[in-house]
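Reading through the structure tokens given below for one structure.
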Amino acid sequence: MNHTLLPIRPLLAACTGLLLAAGLHAASFPWQETHARPLPTGELEYTPAPFVFEAGDSVFHIDHSAGDDANPGTRERPWKHHPWDPNATGVARDTSGAHTYVFKRGVIYRGILRPGGDRGEAGKPIRLTSDPSWGEGEAKIYGSRVVTGWTRQAHPGIEQDRDKVWMAEVDFLPRTLWMIEDDEITRLTLARWPNWREPDPNDVLREWPTWENPLWWQDGNRYHRTTIDGRERHLGIDTQNLTRPAEDYVGATVWTEWGIVMGSPYPAEVEAFLEDQRAVAFRGPWTMDMLEHIIRGNRYHLENMPWMLDEPGEFWVERLAENRGRIFLRLPEDRDPNTVTIEAGRHYNIIDAATLHHVHVSGLTFRFTNVRWEYNAPAWAHPDLRAAIIRLQGEGDDIAITHNRFEHVNIPARIHVGRTDQRIGTVRFNDNVVRHTDHGALKAGNRFDGNDRERYGPMEHIDFLRNDLYHIGWRNLSGAHGHAVDIRYPHTSHVAGNFLYRIAGWGISVQGGKHSHGGVRDYDVPLSRHLIHHNRVEDSLLKSNDWGAVETWQGGPFYVFNNVVHNPVAFKHWTWREGDPDNTGSFGHAYYFDGAFKNYLFNNIGAGRNNTLGTRSVNTTAIQNIFSFENWFFNNTFHRFAEMTRQQEPSGGRFRYLGNIIDDASRFVFRHSDPRDVEPDPNAAHYATGGTFAYPTLAYADNLFHRITGRFGSFEETGAVYAEVSDFERALERLRPQAARVGTVADTPPLRDAEGRDYRPAPDGPAFDGGVMAFVPWALYATVGEWQFTRNNADPAEIIDEHWFMTAAYMNRNRYRNTPRFNLRAVNVGADDFVASPQATWTDGGALRLNGRDQYLVLSPERLNPAPEDHEGANVAGIRTVDIDRGNFLIEVLFKTEERAGTLVRKVGRAGYALDLMDGRPRLRLTDGQNSLTAAAAVDLANGEWRHLVAEVDRERGVRFYVDGRAVETRTTGTLPQGSLSNPTAFYVGGGPDLEHLAATFDFLRVAQGTLADARTTIEELHAWQFAGPQFGDFMGRDRREGNAIGALVAE
């Protein structure tokens, strides 16, 4: 689907300079596709793209049931094996290159595929697919084997109903088993104690027993630890239930929650049993050591001992040799396994590769993979613990996984760069159906190993579009969390149109820029741009906490818009106190910015199911932040959470809450500092409140509140809590932030029927009294300065720099707030010189008007060369600034003027650059001290209307000007300098000492050390996003400039 393409309208009634026909942007940009159908109520409808069979010039056919590898591979005489199968022979084995391989529908292919060095070509990929005209049903690839020949036999360790147990011997070691009858699949359970079920959909561990451990923070932990072979081990104590002898526990697997946060149940071997304490001993979640805490109230269960095989639907496997075992089985209703099909997982990986170049996999159904026998070891203990249907650890490009079904598998795909000298180009995981996985849906990115001292090679781009996920991550690896989508550090990504339901961990997570722990971090990441929109996540965090249904991490920009989240759970049983009116007992969030910087969250909907404190499975928060700054939250709708928004370690400031509907908050609306009169939060204890908060960079404006049954909130380093919005607002005003019109409390519901998931504004309701718009810059390459000219009420002469570029100075997210920012200093400017911006309606001071006589802005050499002692923890030697060396760069400015001549931007000494107006036309002058060039555009900008100008310097291609979204004729004289433009002088805007001043109004200015091509964008896309992007529309794509309202939706 497409967005309603917002026309690029006049920014003010009198300002027609930016008025361009929608046809200018006739090209479709990826973010203009919604990928799901938005519904008027604020819901989404799943709209996958249909599967279309594609084939190259060379096509081979595979029929695993009746083919022969000596055949020519035609439809009439197909092969039995794919050439990548180690069992392939003859013609099939000897075939390689850019071919299409068609798997017959209605046939099950059993085997593994190892591509080796085989690769396709650009425009001629290797295709693994199916043709709807060949065969009926699905083209299936199974990682299992059918087990037959069952006889009645019980292992000596089986105690109950021994006459109902069946046995079969196999030449592999399955850890997974399924029963298939009439196409209905039933997964069988590894024998366990107790025989728990999942009667509560919001607390799937409800029937697990709990540990009785002493309080771990007392007595030096001595009562809940032991030592085995010189290594510390956790003790799990349960005197009520662990009553059997030691031999019945040692060798079992324990699945246990842990703390203090995350806590996802992990599998570990029981290594000892202490009968005096009734305690089992086992390692921690990450390594072979203890680590973390096993806490009173954490829940657990045991599995994988023969005595636990005590009810229908369970199995247990006795290991006889390295690759041989006996399966002992009881089917549901104690049926005879010889009357149904029993699939036993055999293979861990189906397509396992070190290189995948131009490979497309589509139209196939994958099922029934195995997990390693030692599934209870740490995830790093063996490469095949991190197995997948499609696994790439290495390099590749043009990898497409589309229109497949993945059911009852470990995980569909793991795709990671392998080494420093490797790269992965484009990856597409689109239009797939994923059901019932153990480990997740997709894990992909620039792999990072915290123990490795080398930086890994890049991943360029990932698409994750229109996938349908259900019941994901139910038996995660040790140290993992059952997350669904885990994308790490591609340069760009696009996640849209996905539907996720019943997820053990988070739903969607994208990490941008570079990591913040271990390994090598002192390098630049000049490009990071991530789109997350029109996704729907419901019932997430069912086995974990301290995450979000939708998450971003590290460096953006992240554009998070038009998503829907329902019921992020994250029940934290050990903290839950039933009936306590001040207890949330959960720690999960709809949208989590987990040390995430430069986020734009707009037009999103988040709704909880339960915010009654002291009850089970409370929905904690709509928006959670840790360390994060430079974030914008506007025009969202949130309903029914305990603490609507949280800021942990908020001292970096630079967050804005604008035009949001906040309906039904039971504890806090804005928990933006650690409340001093609230019981300490164990998750936030190490994020100390104190220091210097950046109050002048905050903005709260035009929000709408309803049904606030708790207190309003806190935002100061003192931890003061304000009961009412009026008290909060008065305290905020004293600190002079960018905006302190926090909002109003409505007497009537602002939404039509939030209980019925209708999030439209109530007719004639309070939401129609407001609504905001905000300017959202499109990410460029190596941005070194970015200014919106919003009035700084604490110091109007200080223009806040909002740039984000993860240079070598960005080493640890705890200290990113100390990295240099390049605020402009305004000379002879006061508060009255700021005027309204047509694009940022949340403030009346969003643009700066200079008089053309004695007013200008300056960035001094001292600020461009900061002292290390002024930026604790930041490697200031690694910063990049507006001082341009030998590379490409561009200057972008949004302004209006009637003056014919004057300075726009200048940084000139012996070398340098200067952008100005001459006879109304933009002119750029460059010199490196040896060669000089002057470039001028043949278009007059001095008409008093808003004009958007980009001056771009490409050291190979020359200078280009773009005006109002179009390339314009550029005339040059001189020689393009190839040397450095660096100089020790100040950076000036609008004039300066001994410079020609310009009477103009500035709305936006940006300098980037790269071209549009470096940023993988075009002037058309940049302009379309910034002046007609989704931020100017509502959830349905309706133009807010035609009629606005607070929240995600405006009137129909």
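Ordering of the structure tokens sets the chain letters (A, B, ...), residue numbers begin anew at 1 in every chain, and ligands are numbered from 1 in the order given.
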
Looking only at the backbone, which of the residues in range 727-841 of chain A does DSSP tag as strand (DSSP E), as a PyMOL selection string? chain A and resi 739-745+751-753+758-761+783-787+798-799+824-827+834-835

What's around range 963-980 of chain A at 9 Å? Count only C-alpha atoms, leave out sequence neighbours fewer than 4 positions away in its own chain, and write the answer as a CSV table (one decimal) with C-alpha atoms, in the first residue's frame.
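To be explicit, this is the file written out as around-v5.csv:
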```csv
chain,number,residue,atom,x,y,z
A,17,GLY,CA,8.6,29.4,-2.3
A,18,LEU,CA,8.4,25.7,-1.3
A,19,LEU,CA,5.1,25.0,-3.1
A,20,LEU,CA,5.8,22.2,-5.5
A,24,LEU,CA,7.8,16.4,-8.4
A,25,HIS,CA,8.1,13.4,-6.1
A,884,ILE,CA,36.3,20.4,6.4
A,885,ASP,CA,39.4,18.5,5.4
A,886,ARG,CA,39.8,16.7,2.0
A,887,GLY,CA,36.5,15.0,1.8
A,911,ALA,CA,41.7,27.8,3.0
A,912,GLY,CA,38.0,27.2,3.5
A,926,LEU,CA,36.2,27.0,-2.1
A,927,THR,CA,39.9,27.2,-1.7
A,928,ASP,CA,42.7,25.0,-0.4
A,929,GLY,CA,45.3,27.7,-0.6
A,930,GLN,CA,46.4,26.6,-4.0
A,931,ASN,CA,43.3,26.1,-6.1
A,932,SER,CA,40.1,28.0,-5.9
A,933,LEU,CA,36.6,27.5,-7.4
A,934,THR,CA,33.5,29.6,-7.4
A,935,ALA,CA,30.1,28.0,-8.2
A,936,ALA,CA,26.9,29.9,-8.6
A,937,ALA,CA,23.3,28.7,-9.2
A,938,ALA,CA,21.2,30.3,-11.8
A,939,VAL,CA,18.1,30.8,-9.6
A,941,LEU,CA,16.3,33.1,-3.9
A,947,ARG,CA,13.6,28.4,0.2
A,948,HIS,CA,15.4,25.1,0.7
A,949,LEU,CA,19.0,25.2,-0.5
A,950,VAL,CA,21.6,22.4,-0.7
A,951,ALA,CA,25.1,23.1,-1.8
A,955,ARG,CA,35.6,16.1,-5.0
A,956,GLU,CA,35.3,13.9,-8.1
A,958,GLY,CA,32.2,18.9,-8.8
A,959,VAL,CA,29.7,21.3,-7.1
A,1019,ILE,CA,17.5,15.4,-3.3
A,1020,GLU,CA,14.0,14.2,-4.3
A,1021,GLU,CA,13.8,11.9,-1.3
A,1022,LEU,CA,15.3,14.4,1.1
A,1023,HIS,CA,12.9,17.0,0.1
A,1024,ALA,CA,9.9,14.8,0.0
```

Residues of range 321-353 of chain A in helix (DSSP H, G or I) according to DSSP, as a JSON list (two decimals) with N, CA and C atoms, in the first residue's frame?
```json
[["chain", "number", "residue", "atom", "x", "y", "z"],
["A", 332, "PRO", "N", -0.31, -38.23, 23.01],
["A", 332, "PRO", "CA", -1.58, -37.78, 23.58],
["A", 332, "PRO", "C", -2.62, -38.90, 23.53],
["A", 333, "GLU", "N", -3.34, -39.02, 24.62],
["A", 333, "GLU", "CA", -4.35, -40.09, 24.77],
["A", 333, "GLU", "C", -3.73, -41.47, 24.72],
["A", 334, "ASP", "N", -2.40, -41.53, 24.92],
["A", 334, "ASP", "CA", -1.66, -42.80, 24.90],
["A", 334, "ASP", "C", -1.93, -43.63, 23.65],
["A", 337, "PRO", "N", 1.98, -44.96, 18.43],
["A", 337, "PRO", "CA", 2.71, -44.12, 17.47],
["A", 337, "PRO", "C", 2.83, -44.73, 16.10],
["A", 338, "ASN", "N", 2.55, -46.02, 15.96],
["A", 338, "ASN", "CA", 2.60, -46.64, 14.64],
["A", 338, "ASN", "C", 1.40, -46.25, 13.78],
["A", 339, "THR", "N", 0.42, -45.57, 14.36],
["A", 339, "THR", "CA", -0.79, -45.19, 13.62],
["A", 339, "THR", "C", -0.75, -43.74, 13.15]]
```

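For Arg346 in chain A, the residues within 10 Å (counting only C-alpha atoms, excluding itself and residues fewer than 5 positions away along the chain) are A:Arg110, A:Gly111, A:Tyr142, A:Gly143, A:Ser144, A:Arg145, A:Val146, A:Asp171, A:Phe172, A:Leu173, A:Pro174, A:Arg175, A:Thr176, A:Leu177, A:Phe368, A:Thr369, A:Asn370, A:Val371, A:Arg372.
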
For Val59 in chain A, work out the shell of residues within 7 Å, counting only C-alpha atoms and skipping chain neighbours fewer than 5 positions away, then give it as JSON, numbers by chain. {"A": [99, 100, 101]}

When you look at Ile532 in chain A with a cut-off of 8 Å (counting only C-alpha atoms), what residues show up, excluding the ones that are within fewer than 4 positions of it in the same chain? I need them as a VMD selection string. chain A and resid 494 to 496 558 to 561 563

Excluding same-chain residues fewer than 6 positions from range 628-643 of chain A, what lies within 6 Å of it counting only C-alpha atoms, as a count of residues only? 38

What does the distance between CA of Gly418 in chain A and CA of Glu395 in chain A come to in Å, to one decimal place?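 Separation of CA of Gly418 in chain A and CA of Glu395 in chain A: 6.6 Å.
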